[in-house]
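Enquirer: Handing you this structure, nothing more for now.
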Amino acid sequence: MANAIAAGEVIERPASVVKELIENSLDAGASRISVEIDGGGSRLIRVTDNGRGMPAGELALAFQRHATSKLREVGDLSRISTFGFRGEALASIAAVAVVTALSREATSLAGASLSVSTGEGGNVVPAAAPPGTTVEVRDLFRNTPARRAFLRSERTEARACLRVVSEAALGRPDVRLEAFLGARRVLVSPGGGDIVDAARAVLGRAVAEQLLPVAWAVGNIAVSGVLGAPGVAQASRNSLVLMVNGRRVHQRGLLAAVEGAYRGMIEVGRHPLAVIDVRCALSDVDVNVHPTKREVRFREDGRFFDAVQRACWGALRNARPAGIELAVEVGRLEVGADVQPPDGRVEGMSSGPAQIDLLGEQLGLNDDALRLADAVNWRYLGQAHNRYLVVETERGIALLDQHAAHEKILYARIVESLTDGPEAGTAPSQGLLTPTLLEVGPLMVAGLVDCGELLRRTGFDLEAFGEATIRCSAVPMGTRLSELPALLGEVLGTSGGDRERPATQTHKVAASVACHTAIRFGDPVTSEEVTRLLIDLANTPGGITCPHGRPSVLLLSERDLLGAFRRRP
Ligand code: ADP
Ligand code: MG
């Protein structure tokens with residue numbers, strides 16, 4: 001009964017079984033793992049590995065709750081390097097299904113097998129087997145109808161299982177993972193150790209070509225992995241795969257760090273694609289938080305947040321796409337159509353339904369992208385309502401929100417000049433003939449202490465002038481003096497409060513300065529100014545959205561126009 005209760009926590013759905021079994025295989029040092037799924041995993045899940053196997057004499061023990069070979073003493077809990085350590089998975093699965101384990105150590109002449117049916121163990125019998133372990137789980141939740149009733153459709157459950165396999169393949173590119181739905185092989189990762197190869201197998205070729213490598217180390221924290229270019233933003237968070245020492249975890253803080261790094265590059269409501277592994281001392285992370293082992297706690301989590309965000313920034317900054325992309329028409333690509341096994345063989349890999357919901361689901365690849373080369377052929381037609389710039393392009397008519405577009409350019413420049421590490425330069429500044437005194441209140445004056453250095457580098461020269469007043473003798477180039485009080489209110493107001501991360505601070509300050517120095521929505525502009533702006537925009541990564549995530553460019557494609565006028569294309 002205790003096992004069945006524990007199963008409720010550990011084994012929520014078929015995908016949980018897949019996760020636990022794959023983790024056991026990885027813990028056993030396997031270099032090849034195959035996962036077979038039938039009937040959405042309820043009918044059958046079979047995981048076969050070539051790991052070190054179990055001696056016949058320990059097979060029965062493996063099914064005992066709290067029996068684990070991965071801990072010897074309590075102290076080991078603070079240096080866990082394996083996925084498993086609670087000794088609960090096999091016992092829990094066997095409490096709610098019919099489980100057969102077949103295993104052979106490489107050094108043994110023969111293998112052994114043991115079946116456990118909803119908690120009732122049979123006898124260990126000798127059996128022929130290759131070195132490694134096969135665990136077969138049939139009739140999941142046969143004795144817990146309530147749980148069974150909560151399962152979604154077979155297809156959905158199968159997809160959830162596949163997602164687990166995909167994530168394992170991305171997390172361990174050195175292991176060859178295969179997944180079968182029924183007789184169909186739907187996924188195979190090459191196992192050569194290269195994360196881009198793994199990503200190609202899991203996410204498809206199109207996405208793999210748009211990945212930026214991440215590599216960053218600070219102190220004893222190392223961050224590695226790949227980020228999707230801003231253009232492959234996703235509609236869901238499914239493609240944000242976060243690992244800590246190789247373990248797939250859900251950690252809101254670190255997810256926010258990754259998403260924060262993309263701020264201003266992708267539209268609000270969309271999410272980046274990223275596979276990030278954070279390596280740190282085993283003693284700096286507590287993995288024993290929840291029975292599913294998906295939550296972790298860090299010692300000094302701020303350090304981890306900063307490391308991840310800096311790593312992502314670095315990767316994204318190096319990206320510098322050679323043009324802007326105008327995404328109005330967002331084409332959808334079904335991953336399945338494009339997934340090719342690396343060895344060139346295609347086995348049932350076409351566009352099976354299971355494939356579609358994989359990590360690369362809903363790739364927002366736009367089919368109407370304008371690149372830098374096109375920008376040369378842009379022809380500025382004029383300004384409308386003192387708000388919009390009308391530009392003729394080879395693909396159609398582009399409408400720019402003049403404020404948002406300019407703001408984005410300035411924002412990218414400021415961020416770039418501020419985030420290049422300790423030797424970072426400063427943004428251009430302009431001195432005031434007569435310093436201005438601004439009464440801002442004691443809270444804001446206190447804010448100067450928190451972000452004084454950042455503001456100095458942004459181009460401000462500020463000093464406290466008594467308890468509640470600030471003396472300002474220089475401002476970022478182009479700041480409108482009439483907006484200075486509002487700007488200072490914003491930048492000083494962003495500091496303090498909830499121990500804000502430096503990364504977030506930089507973003508906010510840069511966004512505020514950009515906003516108050518950019519051409520206003522409603523100001524007339526000269527065509528020289530516009531020409532400059534178009535060239536700059538073409539050189540700004542992620543130019544399609546302003547720092548606040550609003551779109552800055554709209555494209556009425558030739559096709560849209562023809563359609564609207566009911567003309568044949
Ligand atoms: P845990 O992984 O937390 O130790 P499990 O219930 O998942 O607990 O597994 C119990 C034990 O069974 C493991 O500690 C390990 O010794 C053994 N075991 C399970 N799966 C495998 C496998 N695929 N290869 C070798 N040993 C395994
Ligand atoms: Mg385990």
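Just remember, in the structure tokens the first chain shown is A, the second B, etc., residues are 1-based per chain, and ligands are 1-based in the order shown.
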For Ala128 in chain A, please output as number ranges by chain all residues within 10 Å (counting only C-alpha atoms; exclusion window: fewer than 5 positions along the same chain).
Expert: A: 102-104, 109-113
Enquirer: May I ask you to write as a PyMOL selection string all residues lying at most 12 Å from ligand 2, with only C-alpha atoms and all ligand atoms counted?
Expert: chain A and resi 10-11+16-28+62-71+82-93+135+291-293
Enquirer: Between CA of Arg297 in chain A and CA of Ala257 in chain A, what is the distance in Å, rounded to a tenth?
Expert: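 Atom-to-atom, CA of Arg297 in chain A to CA of Ala257 in chain A, that is 15.4 Å.
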Enquirer: With only C-alpha atoms and all ligand atoms as the basis for distance, which of A:Ala235, A:Ile45, A:Leu61, A:Val35 is at the shortest distance from ligand 1?
Expert: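 That would be A:Leu61, the residue with the smallest distance to ligand 1.
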Enquirer: Go through A:Ala101, A:Cys312, A:Val96, A:Val74 one by one, measure the shortest atom-to-atom distance of each to ligand 1 using only C-alpha atoms and all ligand atoms, and give the residue with the smallest value.
Expert: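 Going through A:Ala101, A:Cys312, A:Val96, A:Val74 one by one, the smallest distance to ligand 1 is for A:Ala101.
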Enquirer: What's the 12 Å shell around Arg532 in chain A, counting only C-alpha atoms, without same-chain residues fewer than 3 positions away, as a PyMOL selection string?
Expert: chain A and resi 375-376+380+405-406+409+525-529+535-539
Enquirer: Need to verify the contact set: range 1-4 of chain A, 6 Å, only C-alpha atoms, exclusion of same-chain residues closer than 2 positions in sequence. Can you return it as a ChimeraX atom specification?
Expert: /A:6-7,92,95
Enquirer: May I have the selected residues written with C-alpha atoms, as a CSV table (one decimal), in the first residue's frame?
Expert:
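That gives us selection-v9.csv:
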```csv
chain,number,residue,atom,x,y,z
A,6,ALA,CA,4.3,6.7,-3.3
A,7,ALA,CA,3.5,5.8,-6.9
A,92,SER,CA,6.3,2.7,-7.4
A,95,ALA,CA,2.9,-1.1,-7.6
```
Enquirer: If you run DSSP on this backbone, which residues of range 135-177 of chain A come out as strand (DSSP E or B), and could you give them as a ChimeraX atom specification?
Expert: /A:135-138,176-177
Enquirer: With N, CA, C and O atoms retained, could you export that selection as a PDB file, in the first residue's frame?
Expert:
```pdb
ATOM      1  N   VAL A 135      13.606  -2.947 -19.160  1.00  0.00           N
ATOM      2  CA  VAL A 135      12.488  -2.909 -18.218  1.00  0.00           C
ATOM      3  C   VAL A 135      11.222  -2.696 -19.038  1.00  0.00           C
ATOM      4  O   VAL A 135      11.151  -1.794 -19.869  1.00  0.00           O
ATOM      5  N   GLU A 136      10.263  -3.571 -18.779  1.00  0.00           N
ATOM      6  CA  GLU A 136       9.037  -3.549 -19.566  1.00  0.00           C
ATOM      7  C   GLU A 136       7.892  -3.265 -18.607  1.00  0.00           C
ATOM      8  O   GLU A 136       7.763  -3.935 -17.588  1.00  0.00           O
ATOM      9  N   VAL A 137       7.079  -2.274 -18.938  1.00  0.00           N
ATOM     10  CA  VAL A 137       5.969  -1.895 -18.059  1.00  0.00           C
ATOM     11  C   VAL A 137       4.678  -2.053 -18.841  1.00  0.00           C
ATOM     12  O   VAL A 137       4.475  -1.397 -19.862  1.00  0.00           O
ATOM     13  N   ARG A 138       3.805  -2.946 -18.382  1.00  0.00           N
ATOM     14  CA  ARG A 138       2.541  -3.180 -19.080  1.00  0.00           C
ATOM     15  C   ARG A 138       1.361  -2.814 -18.188  1.00  0.00           C
ATOM     16  O   ARG A 138       1.457  -2.904 -16.975  1.00  0.00           O
ATOM     17  N   ARG A 176      22.993   7.693 -27.537  1.00  0.00           N
ATOM     18  CA  ARG A 176      22.101   7.471 -28.667  1.00  0.00           C
ATOM     19  C   ARG A 176      20.732   7.035 -28.148  1.00  0.00           C
ATOM     20  O   ARG A 176      20.614   5.990 -27.514  1.00  0.00           O
ATOM     21  N   LEU A 177      19.732   7.840 -28.411  1.00  0.00           N
ATOM     22  CA  LEU A 177      18.387   7.525 -27.935  1.00  0.00           C
ATOM     23  C   LEU A 177      17.472   7.284 -29.126  1.00  0.00           C
ATOM     24  O   LEU A 177      17.516   8.014 -30.110  1.00  0.00           O
TER      25      LEU A 177
END
```
